[in-house]
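J.: Got a structure here, written out as structure tokens. Questions coming.
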Amino acid sequence: MRILLVEDDAALADELARALRAENFAVDVANNGEDGGHLGMTERYDAAVLDLGLPVRDGLSVLQSWRAEGNALPVLILTARDGWSEKVAGFKAGADDYLIKPFRVQEVVMRLRALVRRATGHAATRIACGPLVYDAQLGNFELDGLPLRLTAFEWRVLSTLVLRKDSVVERGELLDRVYEYDADVDSNSLEVIVGRLRRKIGAAMIETVRGRGYCLRNAGGEDAGG
Ligand code: CA
């Protein structure tokens, strides 16, 4: 999963980016509305955190142009004060959720996970695929009822696949959701990550769809309870 963070307060942007990366998300940071607006239209993200008061171009205008161009990216807006009119304007422009500064960074993480879960069409927080269970609100995986330890890259791949289980996720899309904008990506690095995941959860769980991408499915029958 990959998050776009548009925030001009450098200290806050840094704190948020660090908190999100600690929860395994890939994060791209833009410090003005122009760059943020552009990234939101040209790169693939699972959600965006958008400050309203931004230099060059304000957050409301960024959000309006995304929606006008058909971009359905889930957006959490940040507002500087508890102003009713600012919130209304944000929702009118197409925001999905908002937070008033100051806030706890962990609340941003929880709200983003909820936005991504809803945007991918999951009502329940626990998503099961055979012996594998993903808690979409806590961001944790279990395998056969035991916690599954994953690196950040493994988590980004597996969370993307489990949210779309039984569907093929194209290779290019998976790469977009795993790597940050300035990442140095080897041509076979995705295959290496998938190989490591297969050793952890069972090779049959991740199917290679030749020429297209990967599909997480339960080859072995019933899904774990949840
Ligand atoms: Ca600001």
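Chain identifiers are assigned as A, B, and so on, following the order in which chains appear in the structure tokens; residues are numbered from 1 within each chain, and ligands are numbered from 1 in order of appearance.
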Could you pull out the strand (DSSP E) residues of segment 70-136 of chain A, going by DSSP on the backbone, and write them as a ChimeraX atom specification?
T.: /A:75-79,97-100,126-129,132-135
J.: Do a neighbour search on Val49 of chain A at 12 Å with only C-alpha atoms, toss out local chain neighbours closer than 6 positions, and write the hits as a tab-separated table (two decimals) with C-alpha atoms, in the first residue's frame.
T.:
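This went into selection_30.tsv:
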```tsv
chain	number	residue	atom	x	y	z
A	2	ARG	CA	1.19	3.46	-0.86
A	3	ILE	CA	0.08	6.80	0.57
A	4	LEU	CA	0.38	10.31	-0.85
A	5	LEU	CA	1.04	12.91	1.84
A	6	VAL	CA	0.57	16.57	0.86
A	7	GLU	CA	1.63	18.77	3.77
A	8	ASP	CA	3.77	21.94	3.83
A	12	LEU	CA	4.50	17.38	10.64
A	13	ALA	CA	5.10	15.84	7.21
A	16	LEU	CA	3.53	11.50	9.59
A	17	ALA	CA	5.77	9.92	6.95
A	20	LEU	CA	3.24	5.57	8.16
A	27	VAL	CA	4.87	7.15	1.41
A	28	ASP	CA	5.44	9.97	-1.07
A	29	VAL	CA	5.55	13.48	0.37
A	30	ALA	CA	4.70	16.69	-1.51
A	31	ASN	CA	5.10	20.04	0.25
A	33	GLY	CA	-0.44	21.85	-3.79
A	36	GLY	CA	0.76	17.04	-4.68
A	37	GLY	CA	-1.96	17.57	-7.27
A	40	GLY	CA	-2.15	12.34	-7.27
A	59	GLY	CA	-5.76	21.67	-0.90
A	62	VAL	CA	-6.29	20.12	-5.59
A	63	LEU	CA	-9.13	17.90	-4.39
A	73	LEU	CA	-8.53	8.24	-4.61
A	74	PRO	CA	-9.69	8.09	-0.94
A	75	VAL	CA	-8.75	11.45	0.62
A	76	LEU	CA	-8.33	12.38	4.28
A	77	ILE	CA	-8.15	16.17	4.63
A	78	LEU	CA	-6.31	17.98	7.40
A	79	THR	CA	-7.75	21.27	8.61
A	95	ALA	CA	-13.18	14.46	0.78
A	96	ASP	CA	-13.81	11.07	2.41
A	97	ASP	CA	-12.73	11.97	5.93
A	98	TYR	CA	-11.07	14.80	7.84
A	99	LEU	CA	-8.93	15.47	10.90
A	105	VAL	CA	-0.54	10.37	14.15
A	108	VAL	CA	-4.25	9.11	10.77
A	109	VAL	CA	-3.04	5.52	10.36
A	111	ARG	CA	-8.46	6.34	9.47
A	112	LEU	CA	-6.38	5.60	6.36
A	113	ARG	CA	-6.73	1.85	6.88
A	115	LEU	CA	-10.64	4.38	4.03
```
J.: Taking only C-alpha atoms and all ligand atoms into account, produce a table as a Markdown table in which each residue of chain A with an atom at most 8 Å from an atom of ligand 1 appears once, together with its shortest atom pair and the distance in Å to one decimal, ordered by chain and rising number.
T.:
```
| residue | atom | partner | partner_atom_place_in_ligand_line | distance |
| --- | --- | --- | --- | --- |
| A:Glu7 | CA | ligand 1 | 1 (Ca) | 6.0 |
| A:Asp8 | CA | ligand 1 | 1 (Ca) | 5.1 |
| A:Asp9 | CA | ligand 1 | 1 (Ca) | 5.8 |
| A:Asp51 | CA | ligand 1 | 1 (Ca) | 5.7 |
| A:Leu52 | CA | ligand 1 | 1 (Ca) | 6.4 |
| A:Gly53 | CA | ligand 1 | 1 (Ca) | 4.1 |
| A:Leu54 | CA | ligand 1 | 1 (Ca) | 4.8 |
| A:Pro55 | CA | ligand 1 | 1 (Ca) | 7.6 |
| A:Ala80 | CA | ligand 1 | 1 (Ca) | 7.4 |
```
J.: Using DSSP assignments from the backbone, pull out every residue in segment 19-223 of chain A that falls under helix (DSSP H, G or I) and give it to me as a ChimeraX atom specification.
T.: /A:19-22,33-42,59-68,84-92,105-119,152-163,171-178,189-201,203-205
J.: Please compute the atom CA of Leu132 of chain A-atom CA of Leu174 of chain A distance, one decimal, in Å.
T.: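 It comes out at 19.5 Å.
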J.: Just give me the gap between atom CA of Ala204 of chain A and atom CA of Gly220 of chain A in Å, one decimal is fine.
T.: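 Taking atom CA of Ala204 of chain A as the start and atom CA of Gly220 of chain A as the end point, the length is 8.6 Å.
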J.: Would you mind listing what lies within 7 Å of Cys129 of chain A as a list in words, with only C-alpha atoms counted and same-chain residues fewer than 2 positions away left out?
T.: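 That gives Ile127, Pro131, Leu132, Val133, Arg217, Asn218, Asp223 and Ala224 of chain A.
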J.: Those residues with N, CA, C and O atoms, as a PDB file, in the first residue's frame please?
T.:
```
ATOM      1  N   ILE A 127     -10.258 -10.105   6.789  1.00  0.00           N
ATOM      2  CA  ILE A 127     -10.411 -10.648   5.447  1.00  0.00           C
ATOM      3  C   ILE A 127      -9.624 -11.956   5.391  1.00  0.00           C
ATOM      4  O   ILE A 127      -8.410 -11.966   5.597  1.00  0.00           O
ATOM      5  N   PRO A 131      -5.919 -20.190   5.044  1.00  0.00           N
ATOM      6  CA  PRO A 131      -5.346 -20.091   6.390  1.00  0.00           C
ATOM      7  C   PRO A 131      -4.853 -18.685   6.717  1.00  0.00           C
ATOM      8  O   PRO A 131      -4.416 -18.416   7.836  1.00  0.00           O
ATOM      9  N   LEU A 132      -4.905 -17.792   5.726  1.00  0.00           N
ATOM     10  CA  LEU A 132      -4.375 -16.444   5.891  1.00  0.00           C
ATOM     11  C   LEU A 132      -5.505 -15.476   6.247  1.00  0.00           C
ATOM     12  O   LEU A 132      -6.546 -15.470   5.587  1.00  0.00           O
ATOM     13  N   VAL A 133      -5.304 -14.676   7.302  1.00  0.00           N
ATOM     14  CA  VAL A 133      -6.305 -13.677   7.685  1.00  0.00           C
ATOM     15  C   VAL A 133      -5.621 -12.316   7.811  1.00  0.00           C
ATOM     16  O   VAL A 133      -4.585 -12.191   8.474  1.00  0.00           O
ATOM     17  N   ARG A 217      -5.110 -16.629  -3.966  1.00  0.00           N
ATOM     18  CA  ARG A 217      -6.332 -17.412  -3.809  1.00  0.00           C
ATOM     19  C   ARG A 217      -6.069 -18.613  -2.916  1.00  0.00           C
ATOM     20  O   ARG A 217      -4.948 -19.082  -2.783  1.00  0.00           O
ATOM     21  N   ASN A 218      -7.149 -19.082  -2.313  1.00  0.00           N
ATOM     22  CA  ASN A 218      -7.049 -20.241  -1.440  1.00  0.00           C
ATOM     23  C   ASN A 218      -7.262 -21.483  -2.265  1.00  0.00           C
ATOM     24  O   ASN A 218      -8.405 -21.819  -2.604  1.00  0.00           O
ATOM     25  N   ASP A 223     -12.098 -20.976   4.004  1.00  0.00           N
ATOM     26  CA  ASP A 223     -11.384 -19.842   4.586  1.00  0.00           C
ATOM     27  C   ASP A 223     -11.411 -19.955   6.101  1.00  0.00           C
ATOM     28  O   ASP A 223     -12.360 -20.475   6.680  1.00  0.00           O
ATOM     29  N   ALA A 224     -10.342 -19.426   6.737  1.00  0.00           N
ATOM     30  CA  ALA A 224     -10.296 -19.397   8.201  1.00  0.00           C
ATOM     31  C   ALA A 224     -11.434 -18.527   8.711  1.00  0.00           C
ATOM     32  O   ALA A 224     -11.856 -17.595   8.049  1.00  0.00           O
TER      33      ALA A 224
END
```
J.: Would you mind listing what lies within 9 Å of segment 139-152 of chain A as a ChimeraX atom specification, with only C-alpha atoms counted and same-chain residues fewer than 4 positions away left out?
T.: /A:21-26,113,130-135,156-157,159,178,197,200-201,224
J.: Could those residues be written to a file, using N, CA and C atoms, as a compact mmCIF listing (two decimals), in the first residue's frame?
T.:
```
# COMPACT_ATOMS: atom_id res chain seq x y z
N ARG A 21 5.49 4.90 7.52
CA ARG A 21 6.49 3.91 7.10
C ARG A 21 6.71 2.86 8.19
N ALA A 22 6.60 3.29 9.45
CA ALA A 22 6.74 2.32 10.55
C ALA A 22 5.62 1.30 10.51
N GLU A 23 4.48 1.67 9.90
CA GLU A 23 3.35 0.74 9.73
C GLU A 23 3.41 0.07 8.35
N ASN A 24 4.56 0.15 7.71
CA ASN A 24 4.86 -0.55 6.45
C ASN A 24 4.38 0.12 5.17
N PHE A 25 3.67 1.24 5.27
CA PHE A 25 3.20 1.92 4.05
C PHE A 25 4.38 2.51 3.28
N ALA A 26 4.27 2.51 1.94
CA ALA A 26 5.14 3.35 1.12
C ALA A 26 4.53 4.75 1.16
N ARG A 113 -6.43 3.28 7.09
CA ARG A 113 -6.73 1.85 6.88
C ARG A 113 -8.22 1.65 6.64
N GLY A 130 -8.26 -18.67 2.88
CA GLY A 130 -7.70 -19.92 3.38
C GLY A 130 -7.17 -19.73 4.79
N PRO A 131 -5.92 -20.19 5.04
CA PRO A 131 -5.35 -20.09 6.39
C PRO A 131 -4.85 -18.69 6.72
N LEU A 132 -4.90 -17.79 5.73
CA LEU A 132 -4.38 -16.44 5.89
C LEU A 132 -5.51 -15.48 6.25
N VAL A 133 -5.30 -14.68 7.30
CA VAL A 133 -6.31 -13.68 7.69
C VAL A 133 -5.62 -12.32 7.81
N TYR A 134 -6.20 -11.32 7.16
CA TYR A 134 -5.68 -9.96 7.25
C TYR A 134 -6.67 -9.13 8.07
N ASP A 135 -6.16 -8.46 9.10
CA ASP A 135 -7.00 -7.54 9.85
C ASP A 135 -6.81 -6.15 9.24
N ARG A 156 3.49 -4.83 1.86
CA ARG A 156 2.85 -4.02 0.81
C ARG A 156 2.29 -4.91 -0.30
N VAL A 157 3.04 -5.93 -0.68
CA VAL A 157 2.57 -6.83 -1.73
C VAL A 157 1.37 -7.64 -1.24
N SER A 159 -0.71 -7.18 1.33
CA SER A 159 -1.92 -6.42 1.65
C SER A 159 -2.65 -6.03 0.36
N VAL A 178 3.93 -0.70 -4.24
CA VAL A 178 4.98 -1.20 -3.35
C VAL A 178 6.13 -0.21 -3.20
N LEU A 197 7.41 -14.42 -0.03
CA LEU A 197 6.05 -14.59 0.51
C LEU A 197 5.57 -16.03 0.34
N LYS A 200 6.74 -18.20 2.93
CA LYS A 200 6.12 -17.96 4.24
C LYS A 200 4.68 -18.46 4.33
N ILE A 201 3.91 -18.31 3.24
CA ILE A 201 2.48 -18.63 3.34
C ILE A 201 2.07 -19.85 2.53
N ALA A 224 -10.34 -19.43 6.74
CA ALA A 224 -10.30 -19.40 8.20
C ALA A 224 -11.43 -18.53 8.71
```
